[in-house]
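File shown: target02.pdb. Contents: PDB, C-alpha atoms and all ligand atoms.
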```pdb
ATOM      1  CA  MET A   1       0.137  24.889 -24.927
ATOM      2  CA  LYS A   2       3.638  26.266 -25.226
ATOM      3  CA  LEU A   3       4.505  28.041 -22.003
ATOM      4  CA  GLU A   4       6.262  30.952 -23.744
ATOM      5  CA  HIS A   5       2.988  31.801 -25.467
ATOM      6  CA  LEU A   6       1.482  32.428 -22.040
ATOM      7  CA  CYS A   7       4.076  35.059 -21.143
ATOM      8  CA  TRP A   8       4.104  38.715 -22.090
ATOM      9  CA  THR A   9       7.276  39.512 -24.007
ATOM     10  CA  GLU A  10       8.895  42.840 -24.911
ATOM     11  CA  ASP A  11       7.930  42.517 -28.590
ATOM     12  CA  LEU A  12       4.297  42.850 -27.469
ATOM     13  CA  SER A  13       4.905  46.324 -26.021
ATOM     14  CA  ILE A  14       2.774  48.989 -27.682
ATOM     15  CA  GLY A  15       4.742  51.820 -26.044
ATOM     16  CA  ASP A  16       1.994  52.907 -23.678
ATOM     17  CA  ALA A  17       2.821  52.172 -20.032
ATOM     18  CA  GLU A  18      -0.753  51.668 -18.820
ATOM     19  CA  ILE A  19      -1.856  49.444 -21.713
ATOM     20  CA  ASP A  20       1.353  47.402 -21.471
ATOM     21  CA  ARG A  21       0.680  46.965 -17.736
ATOM     22  CA  GLN A  22      -2.829  45.705 -18.478
ATOM     23  CA  HIS A  23      -1.540  43.328 -21.169
ATOM     24  CA  LYS A  24       1.008  41.918 -18.681
ATOM     25  CA  GLU A  25      -1.780  41.414 -16.166
ATOM     26  CA  LEU A  26      -3.869  39.693 -18.843
ATOM     27  CA  PHE A  27      -1.034  37.254 -19.613
ATOM     28  CA  ALA A  28      -0.556  36.602 -15.888
ATOM     29  CA  LEU A  29      -4.261  35.717 -15.682
ATOM     30  CA  LEU A  30      -4.019  33.486 -18.754
ATOM     31  CA  GLU A  31      -1.101  31.640 -17.189
ATOM     32  CA  LYS A  32      -2.913  31.273 -13.872
ATOM     33  CA  THR A  33      -6.055  29.999 -15.611
ATOM     34  CA  SER A  34      -4.001  27.526 -17.618
ATOM     35  CA  GLU A  35      -2.434  26.216 -14.399
ATOM     36  CA  THR A  36      -5.907  25.885 -12.852
ATOM     37  CA  ALA A  37      -7.198  24.061 -15.948
ATOM     38  CA  GLY A  38      -4.290  21.621 -15.818
ATOM     39  CA  GLY A  39      -4.502  20.987 -12.071
ATOM     40  CA  ALA A  40      -6.002  17.947 -10.407
ATOM     41  CA  GLY A  41      -9.605  18.425  -9.323
ATOM     42  CA  ALA A  42      -9.768  21.657 -11.311
ATOM     43  CA  ASP A  43     -13.454  21.348 -12.203
ATOM     44  CA  GLY A  44     -14.745  23.401  -9.288
ATOM     45  CA  HIS A  45     -12.294  26.250  -9.868
ATOM     46  CA  ILE A  46     -12.000  26.525 -13.608
ATOM     47  CA  ASP A  47     -15.378  28.218 -14.124
ATOM     48  CA  ASP A  48     -14.461  30.951 -11.624
ATOM     49  CA  ALA A  49     -11.034  31.389 -13.207
ATOM     50  CA  LEU A  50     -12.503  31.642 -16.711
ATOM     51  CA  ARG A  51     -15.118  34.117 -15.555
ATOM     52  CA  ALA A  52     -12.452  36.304 -13.895
ATOM     53  CA  LEU A  53     -10.396  36.129 -17.078
ATOM     54  CA  CYS A  54     -13.336  37.147 -19.282
ATOM     55  CA  ASP A  55     -14.254  39.989 -16.900
ATOM     56  CA  TYR A  56     -10.707  41.295 -17.122
ATOM     57  CA  VAL A  57     -10.666  41.081 -20.915
ATOM     58  CA  VAL A  58     -13.915  43.068 -21.202
ATOM     59  CA  LYS A  59     -12.654  45.709 -18.706
ATOM     60  CA  HIS A  60      -9.354  45.981 -20.543
ATOM     61  CA  PHE A  61     -11.092  46.483 -23.913
ATOM     62  CA  ALA A  62     -13.111  49.329 -22.379
ATOM     63  CA  SER A  63      -9.873  50.980 -21.155
ATOM     64  CA  GLU A  64      -8.400  50.879 -24.640
ATOM     65  CA  GLU A  65     -11.573  52.191 -26.226
ATOM     66  CA  ALA A  66     -11.612  55.130 -23.790
ATOM     67  CA  LEU A  67      -8.212  56.181 -25.193
ATOM     68  CA  MET A  68      -9.461  56.355 -28.782
ATOM     69  CA  ASP A  69     -11.303  59.362 -30.111
ATOM     70  CA  PRO A  70     -13.674  58.066 -32.803
ATOM     71  CA  ALA A  71     -13.702  61.486 -34.447
ATOM     72  CA  VAL A  72      -9.965  61.476 -35.176
ATOM     73  CA  TYR A  73      -8.788  57.851 -34.988
ATOM     74  CA  PRO A  74      -9.458  56.181 -38.354
ATOM     75  CA  GLU A  75      -8.968  52.656 -36.940
ATOM     76  CA  TYR A  76     -11.589  53.113 -34.206
ATOM     77  CA  ASP A  77     -14.405  51.099 -35.832
ATOM     78  CA  ARG A  78     -12.162  48.209 -36.875
ATOM     79  CA  HIS A  79     -10.539  48.046 -33.444
ATOM     80  CA  VAL A  80     -13.848  48.082 -31.558
ATOM     81  CA  GLN A  81     -15.269  45.476 -33.958
ATOM     82  CA  GLU A  82     -12.356  43.147 -33.140
ATOM     83  CA  HIS A  83     -12.996  43.665 -29.420
ATOM     84  CA  ILE A  84     -16.670  42.789 -29.919
ATOM     85  CA  GLU A  85     -15.786  39.625 -31.845
ATOM     86  CA  GLY A  86     -13.226  38.555 -29.214
ATOM     87  CA  SER A  87     -15.671  39.236 -26.361
ATOM     88  CA  MET A  88     -18.465  37.318 -28.095
ATOM     89  CA  ARG A  89     -16.253  34.272 -28.597
ATOM     90  CA  ALA A  90     -15.217  34.391 -24.920
ATOM     91  CA  LEU A  91     -18.788  34.837 -23.661
ATOM     92  CA  ASP A  92     -20.087  32.053 -25.927
ATOM     93  CA  PHE A  93     -17.584  29.759 -24.305
ATOM     94  CA  LEU A  94     -18.625  30.829 -20.811
ATOM     95  CA  ASP A  95     -22.313  30.286 -21.671
ATOM     96  CA  ALA A  96     -21.573  26.793 -22.974
ATOM     97  CA  SER A  97     -19.604  26.037 -19.838
ATOM     98  CA  ASN A  98     -22.406  27.357 -17.584
ATOM     99  CA  GLU A  99     -24.982  25.277 -19.440
ATOM    100  CA  GLY A 100     -22.955  22.176 -18.724
ATOM    101  CA  ARG A 101     -22.105  21.534 -22.346
ATOM    102  CA  ASN A 102     -18.914  19.679 -22.970
ATOM    103  CA  VAL A 103     -16.273  22.391 -23.302
ATOM    104  CA  ARG A 104     -12.541  22.158 -22.949
ATOM    105  CA  ALA A 105     -10.894  24.960 -20.993
ATOM    106  CA  GLU A 106      -7.538  24.249 -22.636
ATOM    107  CA  GLU A 107      -9.049  24.648 -26.072
ATOM    108  CA  PHE A 108     -10.577  27.980 -25.093
ATOM    109  CA  LEU A 109      -7.292  29.198 -23.572
ATOM    110  CA  GLU A 110      -5.400  28.254 -26.715
ATOM    111  CA  PHE A 111      -7.877  30.243 -28.794
ATOM    112  CA  LEU A 112      -7.720  33.249 -26.441
ATOM    113  CA  VAL A 113      -3.909  33.331 -26.183
ATOM    114  CA  GLU A 114      -3.497  33.252 -29.967
ATOM    115  CA  TRP A 115      -6.285  35.801 -30.436
ATOM    116  CA  VAL A 116      -4.749  38.185 -27.857
ATOM    117  CA  ARG A 117      -1.215  37.865 -29.269
ATOM    118  CA  HIS A 118      -2.427  38.528 -32.816
ATOM    119  CA  HIS A 119      -4.651  41.425 -31.706
ATOM    120  CA  ILE A 120      -1.819  43.091 -29.760
ATOM    121  CA  ARG A 121       0.706  42.662 -32.591
ATOM    122  CA  GLU A 122      -1.575  44.059 -35.267
ATOM    123  CA  THR A 123      -4.350  46.228 -33.894
ATOM    124  CA  ASP A 124      -2.990  47.421 -30.523
ATOM    125  CA  GLN A 125       0.422  48.282 -32.041
ATOM    126  CA  THR A 126      -1.400  50.641 -34.404
ATOM    127  CA  LEU A 127      -3.163  52.139 -31.386
ATOM    128  CA  GLY A 128       0.236  52.532 -29.685
ATOM    129  CA  ARG A 129       1.534  54.593 -32.602
ATOM    130  CA  TYR A 130      -1.591  56.763 -32.498
ATOM    131  CA  LEU A 131      -1.159  57.344 -28.745
ATOM    132  CA  ALA A 132       2.518  58.249 -29.272
ATOM    133  CA  ARG A 133       1.529  60.836 -31.912
ATOM    134  CA  LYS A 134      -1.101  62.200 -29.542
ATOM    135  CA  ARG A 135       1.495  62.521 -26.751
ATOM    136  CA  ALA A 136       3.979  64.192 -29.142
ATOM    137  CA  ALA A 137       1.286  66.708 -30.113
ATOM    138  CA  GLY A 138       0.768  67.471 -26.428
ATOM    139  CA  ALA A 139      -2.816  66.226 -26.446
TER     140      ALA A 139
HETATM  141 FE    FE B 201      -7.302  46.205 -28.459
END
```

Could I get this structure in the form of structure tokens?
Ligand SMILES: [Fe+2]
Amino acid sequence: MKLEHLCWTEDLSIGDAEIDRQHKELFALLEKTSETAGGAGADGHIDDALRALCDYVVKHFASEEALMDPAVYPEYDRHVQEHIEGSMRALDFLDASNEGRNVRAEEFLEFLVEWVRHHIRETDQTLGRYLARKRAAGA
């Protein structure tokens, strides 16, 4: 995997300090997990690292969802649906790994990094604009 894909970059900012902080933390975890997956004798640690990563993703999605008011944010359903799909893919991978099926951590990380980058660029940027309007309105 290209290393630059594992790093948060300014173009991923959605203009909300707390969400940007969480996205940076998510990329730091992705990078750490990738290092663990690539390390010698990683087998014993990779499951823990992947579980910690998935836990963080699910917690982060909940933080974003708490900022959206379904009554006034037209993108709410679509955004939450994307979170559900992303979480399901991540949890399916964890289940397969726990059941001892042959899964490749690198493959999963590549999927998750691309998914997260695309989701931030499209869906979270829209959320960022909504939050900026909310702040401007003094809400
Ligand atoms: Fe999101």

Counting only C-alpha atoms and all ligand atoms, what are the residues, protein, DNA or RNA alike, that approach ligand FE 201 (chain B) to within 7 Å? I want them as a PyMOL selection string. chain A and resi 61+64+79+83+119-120+123-124

Output the selection as a short mmCIF file (atom, residue, chain, number, x, y, z; two decimals), keeping the file's coordinate frame - C-alpha atoms for each residue.
```
data_model
loop_
_atom_site.label_atom_id
_atom_site.label_comp_id
_atom_site.auth_asym_id
_atom_site.auth_seq_id
_atom_site.Cartn_x
_atom_site.Cartn_y
_atom_site.Cartn_z
CA PHE A 61 -11.09 46.48 -23.91
CA GLU A 64 -8.40 50.88 -24.64
CA HIS A 79 -10.54 48.05 -33.44
CA HIS A 83 -13.00 43.66 -29.42
CA HIS A 119 -4.65 41.42 -31.71
CA ILE A 120 -1.82 43.09 -29.76
CA THR A 123 -4.35 46.23 -33.89
CA ASP A 124 -2.99 47.42 -30.52
#
```

Chain and number of each residue from the PyMOL selection byres (((chain A and resi 90-97) around 10) and not hetatm), as an MDAnalysis selection string: chainID A and resid 46:47 50:51 53:55 57:58 84:89 98:105 108:109 111:112

Can you write just those residues out, C-alpha atoms, as a PDB file, in the frame of the given file?
```pdb
ATOM      1  CA  ILE A  46     -12.000  26.525 -13.608  1.00  0.00           C
ATOM      2  CA  ASP A  47     -15.378  28.218 -14.124  1.00  0.00           C
ATOM      3  CA  LEU A  50     -12.503  31.642 -16.711  1.00  0.00           C
ATOM      4  CA  ARG A  51     -15.118  34.117 -15.555  1.00  0.00           C
ATOM      5  CA  LEU A  53     -10.396  36.129 -17.078  1.00  0.00           C
ATOM      6  CA  CYS A  54     -13.336  37.147 -19.282  1.00  0.00           C
ATOM      7  CA  ASP A  55     -14.254  39.989 -16.900  1.00  0.00           C
ATOM      8  CA  VAL A  57     -10.666  41.081 -20.915  1.00  0.00           C
ATOM      9  CA  VAL A  58     -13.915  43.068 -21.202  1.00  0.00           C
ATOM     10  CA  ILE A  84     -16.670  42.789 -29.919  1.00  0.00           C
ATOM     11  CA  GLU A  85     -15.786  39.625 -31.845  1.00  0.00           C
ATOM     12  CA  GLY A  86     -13.226  38.555 -29.214  1.00  0.00           C
ATOM     13  CA  SER A  87     -15.671  39.236 -26.361  1.00  0.00           C
ATOM     14  CA  MET A  88     -18.465  37.318 -28.095  1.00  0.00           C
ATOM     15  CA  ARG A  89     -16.253  34.272 -28.597  1.00  0.00           C
ATOM     16  CA  ASN A  98     -22.406  27.357 -17.584  1.00  0.00           C
ATOM     17  CA  GLU A  99     -24.982  25.277 -19.440  1.00  0.00           C
ATOM     18  CA  GLY A 100     -22.955  22.176 -18.724  1.00  0.00           C
ATOM     19  CA  ARG A 101     -22.105  21.534 -22.346  1.00  0.00           C
ATOM     20  CA  ASN A 102     -18.914  19.679 -22.970  1.00  0.00           C
ATOM     21  CA  VAL A 103     -16.273  22.391 -23.302  1.00  0.00           C
ATOM     22  CA  ARG A 104     -12.541  22.158 -22.949  1.00  0.00           C
ATOM     23  CA  ALA A 105     -10.894  24.960 -20.993  1.00  0.00           C
ATOM     24  CA  PHE A 108     -10.577  27.980 -25.093  1.00  0.00           C
ATOM     25  CA  LEU A 109      -7.292  29.198 -23.572  1.00  0.00           C
ATOM     26  CA  PHE A 111      -7.877  30.243 -28.794  1.00  0.00           C
ATOM     27  CA  LEU A 112      -7.720  33.249 -26.441  1.00  0.00           C
TER      28      LEU A 112
END
```

Atomic separation - CA of Met68 (chain A) relative to CA of Arg129 (chain A), Å: 11.8 Å

Mind listing whatever residues come within 8 Å of the point (3.0, 58.8, -22.3)? Use all atoms listed in the file, file coordinates, and give them as JSON, numbers by chain. {"A": [16, 17, 131, 132, 135]}

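The gap separating CA of Ala137 (chain A) from CA of Tyr73 (chain A) is 14.3 Å, in Å to one decimal.
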
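Put simply, CA of Glu106 (chain A) is 14.6 Å away from CA of Asp48 (chain A).
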
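Selection by the PyMOL selection byres (((chain A and resi 26) around 10) and not hetatm) on the present file picks out Leu6, Cys7, Trp8, Asp20, Arg21, Gln22, His23, Lys24, Glu25, Phe27, Ala28, Leu29, Leu30, Glu31, Lys32, Leu53, Cys54, Tyr56, Val57, His60, Val113 and Val116 of chain A.
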
Taking all atoms of region 103-119 of chain A that the file lists, what box with edges along x, y and z, padded by 3 Å per side, do you get, with centre and edge lengths in Å to one decimal, as JSON?
```
{"center_x": -8.7, "center_y": 31.8, "center_z": -26.9, "size_x": 21.1, "size_y": 25.3, "size_z": 17.8}
```

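Among A:Thr36, A:Glu122, A:Arg78, A:Glu18, the residue with the shortest atom-to-atom distance to Ser63 (chain A), counting only C-alpha atoms, is A:Glu18.
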
Starting from the structure just given, write a file holding region 60-97 of chain A with N, CA, C and O atoms, as a short mmCIF file (atom, residue, chain, number, x, y, z; two decimals), in the first residue's frame.
```cif
data_model
loop_
_atom_site.label_atom_id
_atom_site.label_comp_id
_atom_site.auth_asym_id
_atom_site.auth_seq_id
_atom_site.Cartn_x
_atom_site.Cartn_y
_atom_site.Cartn_z
N HIS A 60 -16.27 6.43 16.09
CA HIS A 60 -16.17 7.66 15.30
C HIS A 60 -17.46 7.90 14.50
O HIS A 60 -17.96 9.03 14.45
N PHE A 61 -18.02 6.86 13.89
CA PHE A 61 -19.27 7.01 13.15
C PHE A 61 -20.37 7.54 14.09
O PHE A 61 -21.15 8.40 13.70
N ALA A 62 -20.40 7.01 15.30
CA ALA A 62 -21.44 7.45 16.26
C ALA A 62 -21.26 8.94 16.58
O ALA A 62 -22.24 9.67 16.71
N SER A 63 -20.01 9.40 16.69
CA SER A 63 -19.75 10.83 16.96
C SER A 63 -20.30 11.69 15.84
O SER A 63 -20.92 12.73 16.08
N GLU A 64 -20.04 11.27 14.61
CA GLU A 64 -20.54 12.05 13.47
C GLU A 64 -22.07 12.06 13.46
O GLU A 64 -22.68 13.10 13.24
N GLU A 65 -22.64 10.91 13.70
CA GLU A 65 -24.11 10.81 13.63
C GLU A 65 -24.77 11.68 14.70
O GLU A 65 -25.86 12.20 14.50
N ALA A 66 -24.08 11.83 15.85
CA ALA A 66 -24.63 12.67 16.93
C ALA A 66 -24.67 14.14 16.52
O ALA A 66 -25.41 14.94 17.11
N LEU A 67 -23.86 14.53 15.53
CA LEU A 67 -23.83 15.92 15.09
C LEU A 67 -24.91 16.24 14.05
O LEU A 67 -25.14 17.39 13.71
N MET A 68 -25.55 15.19 13.52
CA MET A 68 -26.54 15.40 12.47
C MET A 68 -27.94 15.33 13.05
O MET A 68 -28.25 14.40 13.79
N ASP A 69 -28.75 16.32 12.69
CA ASP A 69 -30.15 16.29 13.12
C ASP A 69 -30.97 15.71 11.97
O ASP A 69 -31.11 16.36 10.92
N PRO A 70 -31.51 14.50 12.15
CA PRO A 70 -32.24 13.88 11.03
C PRO A 70 -33.42 14.70 10.54
O PRO A 70 -33.84 14.57 9.39
N ALA A 71 -33.94 15.57 11.40
CA ALA A 71 -35.11 16.36 11.01
C ALA A 71 -34.74 17.49 10.04
O ALA A 71 -35.58 17.94 9.27
N VAL A 72 -33.48 17.93 10.08
CA VAL A 72 -33.12 19.07 9.21
C VAL A 72 -31.98 18.78 8.24
O VAL A 72 -31.75 19.55 7.32
N TYR A 73 -31.28 17.65 8.43
CA TYR A 73 -30.15 17.36 7.53
C TYR A 73 -30.60 16.36 6.47
O TYR A 73 -30.81 15.18 6.77
N PRO A 74 -30.74 16.83 5.21
CA PRO A 74 -31.30 15.95 4.18
C PRO A 74 -30.42 14.74 3.84
O PRO A 74 -30.90 13.76 3.30
N GLU A 75 -29.12 14.84 4.14
CA GLU A 75 -28.19 13.74 3.81
C GLU A 75 -28.10 12.70 4.91
O GLU A 75 -27.29 11.77 4.81
N TYR A 76 -28.87 12.87 5.99
CA TYR A 76 -28.72 12.00 7.16
C TYR A 76 -28.82 10.51 6.79
O TYR A 76 -27.93 9.73 7.11
N ASP A 77 -29.91 10.13 6.13
CA ASP A 77 -30.13 8.70 5.83
C ASP A 77 -29.00 8.11 4.99
O ASP A 77 -28.51 7.02 5.27
N ARG A 78 -28.59 8.86 3.96
CA ARG A 78 -27.54 8.36 3.06
C ARG A 78 -26.23 8.19 3.82
O ARG A 78 -25.51 7.22 3.66
N HIS A 79 -25.94 9.20 4.67
CA HIS A 79 -24.69 9.16 5.43
C HIS A 79 -24.67 7.96 6.40
O HIS A 79 -23.71 7.20 6.45
N VAL A 80 -25.76 7.80 7.13
CA VAL A 80 -25.83 6.70 8.10
C VAL A 80 -25.76 5.35 7.37
O VAL A 80 -25.11 4.41 7.83
N GLN A 81 -26.43 5.28 6.21
CA GLN A 81 -26.40 4.03 5.43
C GLN A 81 -24.96 3.67 5.03
O GLN A 81 -24.55 2.52 5.12
N GLU A 82 -24.20 4.68 4.63
CA GLU A 82 -22.78 4.42 4.27
C GLU A 82 -22.01 3.92 5.49
O GLU A 82 -21.18 3.03 5.38
N HIS A 83 -22.28 4.53 6.65
CA HIS A 83 -21.60 4.07 7.88
C HIS A 83 -21.94 2.60 8.16
O HIS A 83 -21.08 1.81 8.54
N ILE A 84 -23.22 2.26 7.98
CA ILE A 84 -23.64 0.87 8.25
C ILE A 84 -22.91 -0.08 7.30
O ILE A 84 -22.37 -1.10 7.73
N GLU A 85 -22.87 0.30 6.01
CA GLU A 85 -22.20 -0.57 5.03
C GLU A 85 -20.72 -0.73 5.35
O GLU A 85 -20.17 -1.83 5.31
N GLY A 86 -20.06 0.38 5.70
CA GLY A 86 -18.63 0.32 6.05
C GLY A 86 -18.39 -0.53 7.29
O GLY A 86 -17.47 -1.36 7.32
N SER A 87 -19.25 -0.36 8.31
CA SER A 87 -19.11 -1.14 9.55
C SER A 87 -19.32 -2.63 9.28
O SER A 87 -18.59 -3.47 9.81
N MET A 88 -20.33 -2.94 8.45
CA MET A 88 -20.62 -4.35 8.16
C MET A 88 -19.43 -5.02 7.47
O MET A 88 -19.06 -6.14 7.80
N ARG A 89 -18.85 -4.30 6.50
CA ARG A 89 -17.69 -4.87 5.80
C ARG A 89 -16.55 -5.12 6.78
O ARG A 89 -15.89 -6.16 6.73
N ALA A 90 -16.32 -4.16 7.70
CA ALA A 90 -15.24 -4.30 8.68
C ALA A 90 -15.52 -5.47 9.62
O ALA A 90 -14.65 -6.30 9.90
N LEU A 91 -16.77 -5.56 10.10
CA LEU A 91 -17.11 -6.62 11.06
C LEU A 91 -17.10 -8.00 10.40
O LEU A 91 -16.72 -8.99 11.02
N ASP A 92 -17.50 -8.06 9.13
CA ASP A 92 -17.43 -9.34 8.39
C ASP A 92 -15.99 -9.83 8.35
O ASP A 92 -15.71 -11.02 8.52
N PHE A 93 -15.09 -8.89 8.13
CA PHE A 93 -13.68 -9.27 8.07
C PHE A 93 -13.20 -9.79 9.42
O PHE A 93 -12.52 -10.81 9.50
N LEU A 94 -13.60 -9.07 10.48
CA LEU A 94 -13.19 -9.50 11.83
C LEU A 94 -13.74 -10.89 12.14
O LEU A 94 -13.03 -11.73 12.70
N ASP A 95 -15.01 -11.13 11.79
CA ASP A 95 -15.62 -12.45 12.03
C ASP A 95 -14.83 -13.54 11.32
O ASP A 95 -14.52 -14.58 11.90
N ALA A 96 -14.50 -13.29 10.04
CA ALA A 96 -13.76 -14.27 9.26
C ALA A 96 -12.42 -14.55 9.91
O ALA A 96 -11.98 -15.70 10.03
N SER A 97 -11.79 -13.48 10.39
CA SER A 97 -10.49 -13.62 11.03
C SER A 97 -10.61 -14.43 12.32
O SER A 97 -9.82 -15.33 12.59
#
```
